[in-house]
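Here's target_8.tsv, which has TSV, C-alpha atoms and all ligand atoms:
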chain	number	residue	atom	x	y	z
S	20	MET	CA	-61.37	61.35	44.59
S	21	PRO	CA	-64.63	60.37	46.30
S	22	VAL	CA	-65.08	63.00	49.00
S	23	SER	CA	-67.08	61.81	51.95
S	24	ALA	CA	-68.66	64.22	54.38
S	25	HIS	CA	-69.69	61.20	56.42
S	26	PRO	CA	-67.47	60.72	59.46
S	27	ASP	CA	-67.52	56.93	59.47
S	28	LEU	CA	-66.53	55.72	56.07
S	29	PRO	CA	-67.67	52.35	54.81
S	30	ALA	CA	-64.84	49.88	54.52
S	31	LEU	CA	-63.47	49.60	51.03
S	32	GLU	CA	-62.89	46.20	49.57
S	33	ARG	CA	-59.53	44.97	50.78
S	34	ASP	CA	-56.90	43.56	48.51
S	35	PRO	CA	-54.93	40.75	50.21
S	36	VAL	CA	-51.62	42.02	48.84
S	37	THR	CA	-52.04	45.72	49.30
S	38	MET	CA	-53.05	47.64	52.38
S	39	ARG	CA	-55.81	50.05	53.28
S	40	VAL	CA	-54.02	52.93	54.93
S	41	LEU	CA	-55.20	55.91	56.96
S	42	VAL	CA	-53.13	59.08	56.57
S	43	THR	CA	-54.03	61.95	58.89
S	44	GLY	CA	-52.85	65.36	57.75
S	45	ALA	CA	-53.11	64.08	54.17
S	46	ALA	CA	-53.52	67.56	52.67
S	47	GLY	CA	-50.33	68.76	54.30
S	48	PHE	CA	-46.81	68.87	52.93
S	49	LEU	CA	-45.61	65.48	54.19
S	50	GLY	CA	-49.07	63.86	54.21
S	51	SER	CA	-49.67	64.54	50.52
S	52	HIS	CA	-46.25	63.21	49.50
S	53	LEU	CA	-46.73	60.10	51.64
S	54	THR	CA	-50.19	59.58	50.11
S	55	ASP	CA	-48.70	59.75	46.60
S	56	ARG	CA	-46.03	57.25	47.52
S	57	LEU	CA	-48.52	54.79	49.09
S	58	LEU	CA	-50.86	55.03	46.10
S	59	GLY	CA	-47.85	54.49	43.84
S	60	GLU	CA	-47.15	51.24	45.68
S	61	GLY	CA	-50.71	50.09	44.98
S	62	HIS	CA	-52.27	50.70	48.39
S	63	THR	CA	-55.64	52.28	49.09
S	64	VAL	CA	-55.51	55.49	51.10
S	65	VAL	CA	-58.07	57.24	53.26
S	66	GLY	CA	-56.77	60.78	53.75
S	67	VAL	CA	-58.13	62.84	56.62
S	68	ASP	CA	-57.47	66.55	57.14
S	69	ASN	CA	-59.38	69.45	58.72
S	70	LEU	CA	-57.57	71.84	56.33
S	71	SER	CA	-56.48	74.10	59.20
S	72	THR	CA	-53.02	74.29	57.65
S	73	GLY	CA	-53.29	71.69	54.87
S	74	ASP	CA	-54.11	72.71	51.32
S	75	PRO	CA	-56.61	70.74	49.16
S	76	GLU	CA	-54.49	71.73	46.15
S	77	ASN	CA	-51.87	69.26	47.40
S	78	LEU	CA	-54.37	66.48	46.64
S	79	ALA	CA	-56.04	67.97	43.57
S	80	HIS	CA	-54.15	65.64	41.22
S	81	LEU	CA	-55.86	62.67	42.92
S	82	ALA	CA	-59.38	63.81	42.01
S	83	GLN	CA	-59.90	60.84	39.69
S	84	GLU	CA	-57.97	58.28	41.77
S	85	PRO	CA	-60.34	55.49	42.80
S	86	ARG	CA	-57.96	54.20	45.50
S	87	PHE	CA	-58.02	57.53	47.33
S	88	GLN	CA	-60.74	58.91	49.56
S	89	PHE	CA	-60.55	62.30	51.22
S	90	VAL	CA	-62.42	63.05	54.42
S	91	GLU	CA	-62.47	66.59	55.75
S	92	ARG	CA	-62.63	66.29	59.52
S	93	ASP	CA	-60.83	67.08	62.73
S	94	ILE	CA	-59.19	63.97	64.21
S	95	CYS	CA	-59.70	65.42	67.69
S	96	ARG	CA	-63.25	64.07	67.51
S	97	PRO	CA	-63.29	60.24	67.60
S	98	PHE	CA	-63.93	58.68	64.20
S	99	ASP	CA	-63.97	55.32	62.52
S	100	PRO	CA	-62.52	55.02	59.02
S	101	GLY	CA	-63.43	51.31	58.85
S	102	PRO	CA	-60.81	48.56	58.86
S	103	VAL	CA	-57.31	49.77	58.10
S	104	ASP	CA	-53.97	47.97	58.06
S	105	TYR	CA	-51.83	50.97	58.88
S	106	VAL	CA	-52.22	54.48	60.34
S	107	PHE	CA	-49.79	57.30	59.57
S	108	ASN	CA	-50.49	60.13	62.00
S	109	LEU	CA	-49.17	63.30	60.36
S	110	ALA	CA	-51.87	65.76	61.41
S	111	SER	CA	-50.56	68.86	63.19
S	112	PRO	CA	-49.72	72.46	62.48
S	113	ALA	CA	-45.96	72.24	61.99
S	114	SER	CA	-44.38	75.58	61.13
S	115	PRO	CA	-43.57	77.96	64.01
S	116	PRO	CA	-45.90	80.79	62.85
S	117	GLU	CA	-48.75	78.31	62.35
S	118	TYR	CA	-48.44	76.49	65.66
S	119	LEU	CA	-48.07	79.81	67.47
S	120	ARG	CA	-51.31	80.98	65.79
S	121	LEU	CA	-53.01	77.63	66.51
S	122	GLY	CA	-51.57	76.87	69.95
S	123	LEU	CA	-54.61	75.19	71.51
S	124	GLU	CA	-55.36	73.23	68.34
S	125	THR	CA	-51.74	72.05	68.22
S	126	LEU	CA	-51.93	70.80	71.81
S	127	ARG	CA	-55.24	69.08	71.12
S	128	VAL	CA	-54.20	67.32	67.92
S	129	GLY	CA	-51.00	66.08	69.57
S	130	SER	CA	-52.96	64.67	72.51
S	131	ALA	CA	-56.66	63.88	71.89
S	132	GLY	CA	-56.19	63.65	68.11
S	133	THR	CA	-53.24	61.32	68.40
S	134	GLU	CA	-55.07	59.16	70.94
S	135	ASN	CA	-57.99	58.79	68.51
S	136	THR	CA	-55.62	57.50	65.83
S	137	LEU	CA	-54.13	55.03	68.29
S	138	GLU	CA	-57.62	53.78	69.18
S	139	ILE	CA	-58.21	53.11	65.48
S	140	ALA	CA	-54.93	51.18	65.25
S	141	ALA	CA	-55.81	49.19	68.40
S	142	ARG	CA	-59.33	48.44	67.11
S	143	TYR	CA	-58.19	47.08	63.75
S	144	GLY	CA	-54.84	45.59	64.76
S	145	ALA	CA	-53.18	48.13	62.47
S	146	GLY	CA	-49.62	49.41	62.61
S	147	HIS	CA	-49.17	53.06	63.61
S	148	LEU	CA	-46.50	55.62	62.84
S	149	HIS	CA	-46.50	58.96	64.62
S	150	SER	CA	-44.74	62.00	63.20
S	151	SER	CA	-42.70	63.30	66.08
S	152	THR	CA	-40.07	65.98	65.74
S	153	SER	CA	-36.58	67.20	66.44
S	154	GLU	CA	-38.35	69.84	68.58
S	155	CYS	CA	-38.44	67.13	71.26
S	156	TYR	CA	-34.76	68.04	71.77
S	157	GLY	CA	-35.64	71.74	72.24
S	158	ASP	CA	-32.55	73.96	72.20
S	159	PRO	CA	-30.18	71.00	72.52
S	160	LEU	CA	-27.14	70.93	74.80
S	161	VAL	CA	-25.84	67.82	73.03
S	162	HIS	CA	-24.68	67.89	69.43
S	163	PRO	CA	-25.51	66.20	67.12
S	164	GLN	CA	-28.72	64.88	68.64
S	165	ARG	CA	-29.09	61.16	69.24
S	166	GLU	CA	-32.35	59.50	70.13
S	167	ASN	CA	-31.22	58.80	73.72
S	168	TYR	CA	-30.84	62.55	74.45
S	169	TRP	CA	-33.84	63.68	76.54
S	170	GLY	CA	-33.76	67.25	75.32
S	171	HIS	CA	-33.66	70.79	76.65
S	172	VAL	CA	-37.17	72.14	76.23
S	173	ASN	CA	-38.80	75.24	77.69
S	174	PRO	CA	-42.16	73.83	78.85
S	175	VAL	CA	-43.82	77.25	79.14
S	176	GLY	CA	-42.26	79.22	76.26
S	177	PRO	CA	-44.12	80.11	73.06
S	178	ARG	CA	-42.90	76.98	71.24
S	179	SER	CA	-44.07	74.73	74.10
S	180	VAL	CA	-47.48	74.22	72.44
S	181	TYR	CA	-45.74	72.25	69.71
S	182	ASP	CA	-42.78	70.79	71.60
S	183	GLU	CA	-44.80	69.51	74.54
S	184	ALA	CA	-47.65	68.24	72.35
S	185	LYS	CA	-45.11	66.19	70.44
S	186	ARG	CA	-43.39	65.00	73.61
S	187	TYR	CA	-46.75	64.00	75.11
S	188	GLY	CA	-47.52	62.27	71.80
S	189	GLU	CA	-44.36	60.19	72.16
S	190	ALA	CA	-45.38	59.16	75.70
S	191	LEU	CA	-48.85	58.24	74.43
S	192	ILE	CA	-47.41	56.14	71.60
S	193	MET	CA	-45.15	54.24	73.98
S	194	ALA	CA	-48.05	53.68	76.40
S	195	TYR	CA	-50.26	52.24	73.66
S	196	HIS	CA	-47.40	50.01	72.61
S	197	ARG	CA	-46.67	48.83	76.15
S	198	SER	CA	-50.23	48.59	77.50
S	199	ARG	CA	-52.25	47.73	74.41
S	200	GLY	CA	-49.65	45.98	72.28
S	201	VAL	CA	-50.07	48.35	69.31
S	202	ASN	CA	-47.33	48.03	66.69
S	203	THR	CA	-46.19	51.64	66.95
S	204	HIS	CA	-43.36	53.61	65.35
S	205	LEU	CA	-41.98	57.02	66.24
S	206	ALA	CA	-40.25	59.18	63.63
S	207	ARG	CA	-38.37	62.21	64.96
S	208	ILE	CA	-38.48	64.36	61.87
S	209	PHE	CA	-35.91	67.12	61.33
S	210	ASN	CA	-36.41	70.13	59.04
S	211	THR	CA	-37.78	68.93	55.71
S	212	TYR	CA	-38.46	70.90	52.54
S	213	GLY	CA	-39.56	70.45	48.97
S	214	PRO	CA	-42.50	71.12	46.65
S	215	ARG	CA	-45.83	71.72	48.50
S	216	LEU	CA	-44.16	73.30	51.50
S	217	HIS	CA	-46.65	76.12	51.92
S	218	PRO	CA	-45.18	79.29	50.38
S	219	SER	CA	-46.47	81.46	53.20
S	220	ASP	CA	-46.17	79.22	56.24
S	221	GLY	CA	-43.07	81.03	57.40
S	222	ARG	CA	-40.42	78.35	57.25
S	223	VAL	CA	-36.94	79.32	56.32
S	224	VAL	CA	-36.65	77.43	53.00
S	225	SER	CA	-40.07	78.50	51.70
S	226	ASN	CA	-39.55	82.10	52.87
S	227	PHE	CA	-36.10	82.34	51.28
S	228	LEU	CA	-37.18	80.73	47.98
S	229	MET	CA	-40.24	82.97	47.66
S	230	GLN	CA	-38.27	86.08	48.60
S	231	ALA	CA	-35.45	85.23	46.19
S	232	LEU	CA	-37.87	84.57	43.33
S	233	ARG	CA	-39.72	87.84	43.98
S	234	GLY	CA	-36.44	89.78	44.20
S	235	GLN	CA	-37.15	90.74	47.82
S	236	PRO	CA	-34.55	90.73	50.62
S	237	LEU	CA	-34.13	87.39	52.40
S	238	THR	CA	-35.21	87.75	56.04
S	239	VAL	CA	-32.49	86.27	58.25
S	240	TYR	CA	-33.59	86.03	61.89
S	241	GLY	CA	-30.89	86.86	64.43
S	242	ASP	CA	-27.36	86.91	63.03
S	243	GLY	CA	-28.02	83.80	60.93
S	244	SER	CA	-25.41	81.72	62.73
S	245	GLN	CA	-28.01	79.26	64.07
S	246	THR	CA	-27.95	75.94	62.23
S	247	ARG	CA	-30.48	73.56	60.77
S	248	SER	CA	-30.19	70.31	58.82
S	249	PHE	CA	-32.43	70.20	55.77
S	250	CYS	CA	-33.84	66.97	54.37
S	251	TYR	CA	-35.45	66.78	50.93
S	252	VAL	CA	-39.00	65.44	51.12
S	253	ASP	CA	-38.45	62.30	48.97
S	254	ASP	CA	-35.64	61.16	51.26
S	255	LEU	CA	-37.82	61.72	54.31
S	256	ILE	CA	-40.78	59.77	52.91
S	257	GLU	CA	-38.46	56.85	52.14
S	258	GLY	CA	-37.28	56.91	55.77
S	259	ILE	CA	-40.85	57.03	57.09
S	260	LEU	CA	-41.87	54.02	55.00
S	261	ARG	CA	-38.83	52.01	56.04
S	262	LEU	CA	-39.47	52.80	59.71
S	263	SER	CA	-43.14	51.82	59.38
S	264	ARG	CA	-42.04	48.38	58.15
S	265	SER	CA	-39.40	47.87	60.83
S	266	GLY	CA	-39.62	46.25	64.25
S	267	GLU	CA	-38.38	49.39	66.05
S	268	HIS	CA	-40.75	50.99	68.54
S	269	PHE	CA	-38.48	53.61	70.10
S	270	PRO	CA	-37.89	56.97	68.38
S	271	VAL	CA	-35.74	57.10	65.25
S	272	ASN	CA	-34.24	60.35	63.93
S	273	LEU	CA	-35.06	61.02	60.29
S	274	GLY	CA	-33.26	63.96	58.76
S	275	ASN	CA	-30.28	65.00	56.72
S	276	PRO	CA	-27.12	65.25	58.83
S	277	GLY	CA	-25.71	67.98	56.56
S	278	GLU	CA	-25.72	71.02	58.87
S	279	PHE	CA	-25.98	74.61	57.53
S	280	THR	CA	-26.10	77.99	59.18
S	281	ILE	CA	-29.09	80.07	58.14
S	282	ILE	CA	-26.68	82.38	56.27
S	283	GLU	CA	-25.35	79.37	54.33
S	284	CYS	CA	-28.93	78.35	53.56
S	285	ALA	CA	-29.61	81.88	52.24
S	286	GLN	CA	-26.48	81.69	50.07
S	287	ALA	CA	-27.55	78.31	48.65
S	288	VAL	CA	-30.99	79.74	47.80
S	289	LEU	CA	-29.43	82.78	46.06
S	290	GLU	CA	-27.10	80.53	44.10
S	291	VAL	CA	-29.77	78.08	42.96
S	292	THR	CA	-32.32	80.76	42.05
S	293	GLY	CA	-29.72	83.10	40.51
S	294	SER	CA	-31.42	85.87	42.47
S	295	LYS	CA	-29.73	89.19	43.26
S	296	SER	CA	-31.72	89.62	46.47
S	297	THR	CA	-29.90	91.01	49.48
S	298	LEU	CA	-30.12	89.74	53.06
S	299	CYS	CA	-31.90	91.70	55.77
S	300	PHE	CA	-31.66	90.89	59.45
S	301	GLU	CA	-34.67	90.63	61.76
S	302	SER	CA	-34.98	89.72	65.43
S	303	LEU	CA	-34.55	86.11	66.47
S	304	PRO	CA	-37.81	84.47	67.66
S	305	GLU	CA	-37.92	83.47	71.35
S	306	ASP	CA	-36.45	80.03	72.13
S	307	ASP	CA	-35.24	79.58	68.55
S	308	PRO	CA	-32.82	76.62	68.81
S	309	ALA	CA	-29.18	77.57	68.18
S	310	ARG	CA	-28.12	74.27	66.60
S	311	ARG	CA	-29.86	71.28	65.20
S	312	CYS	CA	-28.38	68.25	63.50
S	313	PRO	CA	-29.52	64.64	63.62
S	314	ASP	CA	-27.28	61.73	64.44
S	315	ILE	CA	-28.79	59.18	62.03
S	316	THR	CA	-26.66	56.19	63.05
S	317	LYS	CA	-29.80	54.40	64.26
S	318	ALA	CA	-31.69	54.92	60.98
S	319	ARG	CA	-28.61	53.90	58.97
S	320	THR	CA	-28.14	50.74	61.02
S	321	LEU	CA	-31.76	49.66	61.50
S	322	LEU	CA	-33.32	50.83	58.27
S	323	GLY	CA	-30.36	50.97	55.88
S	324	TRP	CA	-31.52	54.55	55.24
S	325	GLU	CA	-29.73	57.77	54.63
S	326	PRO	CA	-30.64	60.86	52.62
S	327	GLN	CA	-29.39	60.95	49.04
S	328	ILE	CA	-30.21	64.50	48.02
S	329	THR	CA	-27.99	67.45	48.92
S	330	LEU	CA	-29.40	70.85	49.87
S	331	ARG	CA	-28.56	72.42	46.52
S	332	GLU	CA	-30.05	69.49	44.57
S	333	GLY	CA	-33.18	69.61	46.69
S	334	LEU	CA	-33.54	73.36	46.23
S	335	ARG	CA	-33.25	72.88	42.46
S	336	LYS	CA	-35.96	70.18	42.58
S	337	SER	CA	-38.19	72.59	44.53
S	338	LEU	CA	-37.75	75.53	42.18
S	339	GLU	CA	-40.56	74.79	39.74
S	340	PHE	CA	-43.16	74.60	42.52
S	341	PHE	CA	-42.09	77.85	44.16
S	342	ARG	CA	-41.72	79.59	40.76
S	343	SER	CA	-45.31	78.73	39.91
S	344	LYS	CA	-46.46	80.01	43.31
S	345	ALA	CA	-44.49	83.24	42.88
S	346	ALA	CA	-45.91	83.66	39.35
S	347	ALA	CA	-49.43	83.13	40.71
S	348	GLY	CA	-48.83	85.94	43.20
S	349	ALA	CA	-48.73	83.66	46.27
S	401	LIG	N1	-35.60	81.69	59.85
S	401	LIG	C1	-35.02	82.81	59.25
S	401	LIG	N2	-35.75	83.51	58.33
S	401	LIG	C2	-37.02	83.15	57.97
S	401	LIG	C3	-37.59	82.00	58.58
S	401	LIG	C4	-36.86	81.30	59.52
S	401	LIG	O1	-33.86	83.17	59.53
S	401	LIG	O2	-37.61	83.82	57.12
S	401	LIG	C5	-34.79	80.91	60.81
S	401	LIG	C6	-35.50	80.60	62.12
S	401	LIG	O3	-35.29	81.64	63.06
S	401	LIG	C7	-34.80	79.31	62.52
S	401	LIG	C8	-34.47	78.62	61.20
S	401	LIG	O4	-34.52	79.66	60.22
S	401	LIG	O5	-33.58	79.58	63.19
S	401	LIG	C9	-35.44	77.52	60.83
S	401	LIG	O6	-36.74	78.04	60.95
S	401	LIG	P1	-38.04	77.22	60.49
S	401	LIG	O7	-39.21	78.07	60.86
S	401	LIG	O8	-37.92	76.84	59.06
S	401	LIG	O9	-38.01	75.88	61.34
S	401	LIG	P2	-37.66	75.51	62.87
S	401	LIG	O10	-36.47	74.63	62.77
S	401	LIG	O11	-37.36	76.75	63.66
S	401	LIG	O12	-38.86	74.80	63.37
Rewritten as structure tokens:
Amino acid sequence: MPVSAHPDLPALERDPVTMRVLVTGAAGFLGSHLTDRLLGEGHTVVGVDNLSTGDPENLAHLAQEPRFQFVERDICRPFDPGPVDYVFNLASPASPPEYLRLGLETLRVGSAGTENTLEIAARYGAGHLHSSTSECYGDPLVHPQRENYWGHVNPVGPRSVYDEAKRYGEALIMAYHRSRGVNTHLARIFNTYGPRLHPSDGRVVSNFLMQALRGQPLTVYGDGSQTRSFCYVDDLIEGILRLSRSGEHFPVNLGNPGEFTIIECAQAVLEVTGSKSTLCFESLPEDDPARRCPDITKARTLLGWEPQITLREGLRKSLEFFRSKAAAGA
């Protein structure tokens, strides 16, 4: 993995069949899985990350990969990676505790950072996919959520740093598409889990798995009746790739429509881990959405995509990663 401290990387030799791809947030959970998938398809990847929430360990296995370059930098400062064919913009703090801790950074990466990636796509005539989120729907009044629902978002609540950054990002993407003709794509990503989800970033699946494996009580916020829809990471990456190769420029929901209460999620984790942990109840964070479930009709119709992996299967596939983290004292 040639690491370059230089902000403006020289262009790599381009293969006519394969692409040179920029992945921002490459050291993150989704970014590292997407990078693996792109390299597996034979593409060359430039991965950028400022490591504010990403983990270099997620890319450690690529140390000897000649088609991968890692650049540690903040995309909020303009940069030029050299000619690229496609830009996947995945850089952002994404778990509630992390974006609450990094509120200003989250707003900046969703606005200035995202604009810098769009400038790169415009400069090189590259395609661009932006990782938007189900948070654009806020605490939804419509269920399940379809892409034409405009959402119910508190613009000044604690979560607004993430929600509004992502909503602004969507407006920016559409403006670059309309005004500058950039071939943009917008993925509205619902809760996703799997190996490399940071064991301490505070998400429900990583918290529950780590707590179950350590024999600690599972921390259920509120009464646990709120719902989420959990998509296994491999399914999500497949959806992202299909969307990036489609002609759709408006947002597309990507997520697993299987809806679970947080109590049901805790039960699934206990079952899969065989843990005897108990549940303990803690206060519900402010503006925590009560229900969330994607309507994926659009993705099914346009992309021929739907998740294949059930929650219990996905938890089983995630076990080895979280076991090794628990054993290492993470
Ligand atoms: N949650 C929980 N216990 C935890 C972490 C999260 O009960 O240890 C709840 C949280 O309040 C929310 C849901 O699980 O209702 C999903 O939280 P997460 O942070 O994973 O993602 P969100 O969908 O809120 O962005």
Nearest to ligand LIG 401 (chain S) by atom-to-atom distance, counting all atoms listed in the file, from S:Leu260, S:Ala113, S:Ala206, S:Leu338: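 Using all atoms listed in the file, the shortest distance to ligand LIG 401 (chain S) belongs to S:Ala113.
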Report as a ChimeraX atom specification all protein, DNA and RNA residues lying within 9 Å of Leu70 of chain S, evaluated on only C-alpha atoms, omitting residues in the same chain fewer than 4 positions from it. /S:44,46-47,74-75,91-93
Would you save the residues of that selection, restricted to C-alpha atoms, as a PDB file, in the coordinates of the input?
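Final output, saved to again04.pdb:
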ATOM      1  CA  GLY S  44     -52.850  65.360  57.750  1.00  0.00           C
ATOM      2  CA  ALA S  46     -53.520  67.560  52.670  1.00  0.00           C
ATOM      3  CA  GLY S  47     -50.330  68.760  54.300  1.00  0.00           C
ATOM      4  CA  ASP S  74     -54.110  72.710  51.320  1.00  0.00           C
ATOM      5  CA  PRO S  75     -56.610  70.740  49.160  1.00  0.00           C
ATOM      6  CA  GLU S  91     -62.470  66.590  55.750  1.00  0.00           C
ATOM      7  CA  ARG S  92     -62.630  66.290  59.520  1.00  0.00           C
ATOM      8  CA  ASP S  93     -60.830  67.080  62.730  1.00  0.00           C
TER       9      ASP S  93
END
Excluding Ser151 of chain S and residues on its chain fewer than 4 positions from it, collect all residues at most 10 Å away from it, counting all atoms listed in the file, and give them as a VMD selection string. chain S and resid 108 to 109 129 155 182 184 to 189 204 to 209 270 to 273
Since we have the selection now, will you write its residues out, keeping C-alpha atoms, as a tab-separated table (two decimals), in the coordinates of the input?
chain	number	residue	atom	x	y	z
S	108	ASN	CA	-50.49	60.13	62.00
S	109	LEU	CA	-49.17	63.30	60.36
S	129	GLY	CA	-51.00	66.08	69.57
S	155	CYS	CA	-38.44	67.13	71.26
S	182	ASP	CA	-42.78	70.79	71.60
S	184	ALA	CA	-47.65	68.24	72.35
S	185	LYS	CA	-45.11	66.19	70.44
S	186	ARG	CA	-43.39	65.00	73.61
S	187	TYR	CA	-46.75	64.00	75.11
S	188	GLY	CA	-47.52	62.27	71.80
S	189	GLU	CA	-44.36	60.19	72.16
S	204	HIS	CA	-43.36	53.61	65.35
S	205	LEU	CA	-41.98	57.02	66.24
S	206	ALA	CA	-40.25	59.18	63.63
S	207	ARG	CA	-38.37	62.21	64.96
S	208	ILE	CA	-38.48	64.36	61.87
S	209	PHE	CA	-35.91	67.12	61.33
S	270	PRO	CA	-37.89	56.97	68.38
S	271	VAL	CA	-35.74	57.10	65.25
S	272	ASN	CA	-34.24	60.35	63.93
S	273	LEU	CA	-35.06	61.02	60.29
Quick one: of S:Asp99, S:Glu134, S:Asp253, S:Glu325, who's nearest to His52 of chain S, counting only C-alpha atoms? S:Asp253
Enumerate, in order of chain and increasing residue number, the residues of chain S with an atom no farther than 8 Å from ligand LIG 401 (chain S), each with its shortest atom pair and distance in Å to one decimal, counting all atoms listed in the file, as a Markdown table.
| residue | atom | partner | partner_atom | distance |
| --- | --- | --- | --- | --- |
| S:Ala113 | CA | S:LIG401 | O12 | 7.7 |
| S:Ser114 | CA | S:LIG401 | O7 | 5.7 |
| S:Pro115 | CA | S:LIG401 | O7 | 5.4 |
| S:Pro116 | CA | S:LIG401 | O7 | 7.5 |
| S:Glu154 | CA | S:LIG401 | O12 | 7.2 |
| S:Phe209 | CA | S:LIG401 | O10 | 7.7 |
| S:Asn210 | CA | S:LIG401 | O10 | 5.8 |
| S:Gly221 | CA | S:LIG401 | C3 | 5.7 |
| S:Arg222 | CA | S:LIG401 | O8 | 3.4 |
| S:Val223 | CA | S:LIG401 | C3 | 3.6 |
| S:Val224 | CA | S:LIG401 | O8 | 6.2 |
| S:Ser225 | CA | S:LIG401 | O8 | 7.8 |
| S:Asn226 | CA | S:LIG401 | O2 | 5.0 |
| S:Phe227 | CA | S:LIG401 | O2 | 6.2 |
| S:Leu237 | CA | S:LIG401 | O2 | 6.9 |
| S:Thr238 | CA | S:LIG401 | O2 | 4.7 |
| S:Val239 | CA | S:LIG401 | O1 | 3.6 |
| S:Tyr240 | CA | S:LIG401 | O1 | 3.7 |
| S:Gly241 | CA | S:LIG401 | O1 | 6.8 |
| S:Gly243 | CA | S:LIG401 | O1 | 6.0 |
| S:Gln245 | CA | S:LIG401 | O5 | 5.6 |
| S:Thr246 | CA | S:LIG401 | O5 | 6.8 |
| S:Arg247 | CA | S:LIG401 | C9 | 6.3 |
| S:Ile281 | CA | S:LIG401 | O4 | 5.8 |
| S:Ile282 | CA | S:LIG401 | O1 | 7.9 |
| S:Glu301 | CA | S:LIG401 | O1 | 7.8 |
| S:Leu303 | CA | S:LIG401 | O3 | 5.7 |
| S:Pro304 | CA | S:LIG401 | O3 | 6.0 |
| S:Asp307 | CA | S:LIG401 | O5 | 5.6 |
| S:Pro308 | CA | S:LIG401 | O5 | 6.4 |
| S:Ala309 | CA | S:LIG401 | O5 | 6.9 |
| S:Arg311 | CA | S:LIG401 | O10 | 7.8 |
Of the candidates S:Arg319, S:Arg261, S:His80, S:Arg335, which shows the shortest atom-to-atom distance to Ser51 of chain S, using all atoms listed in the file?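 Nearest to Ser51 of chain S: S:His80.
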List every protein, DNA or RNA residue that has an atom no more than 12 Å from (-33.6, 65.0, 75.2) in the file's coordinate frame, counting all atoms listed in the file, and report them as a list in words.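 Looking at atoms near the point gives Thr152, Ser153, Glu154, Cys155, Tyr156, Gly157, Asp158, Pro159, Leu160, Val161, His162, Pro163, Gln164, Arg165, Glu166, Asn167, Tyr168, Trp169, Gly170, His171, Val172, Asn173, Asp182, Arg186, Arg207 and Pro270 of chain S.
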Using C-alpha atoms, can you export the residues from the last selection as a JSON list (two decimals), in the frame of the given file?
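And here's part-v8.json as it stands now:
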[["chain", "number", "residue", "atom", "x", "y", "z"],
["S", 152, "THR", "CA", -40.07, 65.98, 65.74],
["S", 153, "SER", "CA", -36.58, 67.20, 66.44],
["S", 154, "GLU", "CA", -38.35, 69.84, 68.58],
["S", 155, "CYS", "CA", -38.44, 67.13, 71.26],
["S", 156, "TYR", "CA", -34.76, 68.04, 71.77],
["S", 157, "GLY", "CA", -35.64, 71.74, 72.24],
["S", 158, "ASP", "CA", -32.55, 73.96, 72.20],
["S", 159, "PRO", "CA", -30.18, 71.00, 72.52],
["S", 160, "LEU", "CA", -27.14, 70.93, 74.80],
["S", 161, "VAL", "CA", -25.84, 67.82, 73.03],
["S", 162, "HIS", "CA", -24.68, 67.89, 69.43],
["S", 163, "PRO", "CA", -25.51, 66.20, 67.12],
["S", 164, "GLN", "CA", -28.72, 64.88, 68.64],
["S", 165, "ARG", "CA", -29.09, 61.16, 69.24],
["S", 166, "GLU", "CA", -32.35, 59.50, 70.13],
["S", 167, "ASN", "CA", -31.22, 58.80, 73.72],
["S", 168, "TYR", "CA", -30.84, 62.55, 74.45],
["S", 169, "TRP", "CA", -33.84, 63.68, 76.54],
["S", 170, "GLY", "CA", -33.76, 67.25, 75.32],
["S", 171, "HIS", "CA", -33.66, 70.79, 76.65],
["S", 172, "VAL", "CA", -37.17, 72.14, 76.23],
["S", 173, "ASN", "CA", -38.80, 75.24, 77.69],
["S", 182, "ASP", "CA", -42.78, 70.79, 71.60],
["S", 186, "ARG", "CA", -43.39, 65.00, 73.61],
["S", 207, "ARG", "CA", -38.37, 62.21, 64.96],
["S", 270, "PRO", "CA", -37.89, 56.97, 68.38]]
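Counting only C-alpha atoms and comparing S:Pro177, S:Pro326, S:Gly200, S:Pro218, the residue that lies closest to Ile259 of chain S is S:Pro326.
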As AutoDock Vina command-line options, please report the centre and edge lengths, rounded to one decimal in Å, of the axis-aligned box that holds all listed atoms of segment 91-103 of chain S with 3 Å of padding on each of the six sides.
--center_x -60.6 --center_y 57.8 --center_z 61.7 --size_x 12.7 --size_y 24.5 --size_z 17.9
Measure the distance from atom CA of Ser265 of chain S to atom CA of His149 of chain S in Å and round it to one decimal. 13.7 Å
I need the residue nearest Pro100 of chain S from this list: S:Ile139, S:Val128, S:Ala79, S:Leu322. Use all atoms listed in the file for the distance.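 Checking each of S:Ile139, S:Val128, S:Ala79, S:Leu322 against Pro100 of chain S, counting all atoms listed in the file, the winner is S:Ile139.
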Between S:Gln230, S:Ser294, S:Thr43, S:Ser219, smallest distance to Leu137 of chain S by only C-alpha atoms belongs to S:Thr43
Atom-to-atom span, atom CA of Leu289 of chain S and atom CA of Ala231 of chain S, Å: 6.5 Å
Here's a test: counting only C-alpha atoms, identify every protein, DNA and RNA residue with an atom at most 8 Å from (-51.0, 56.7, 67.1) in the file's coordinate frame, and state them as JSON, numbers by chain. {"S": [106, 107, 108, 133, 134, 135, 136, 137, 138, 140, 147, 148, 149, 191, 192, 195, 203]}
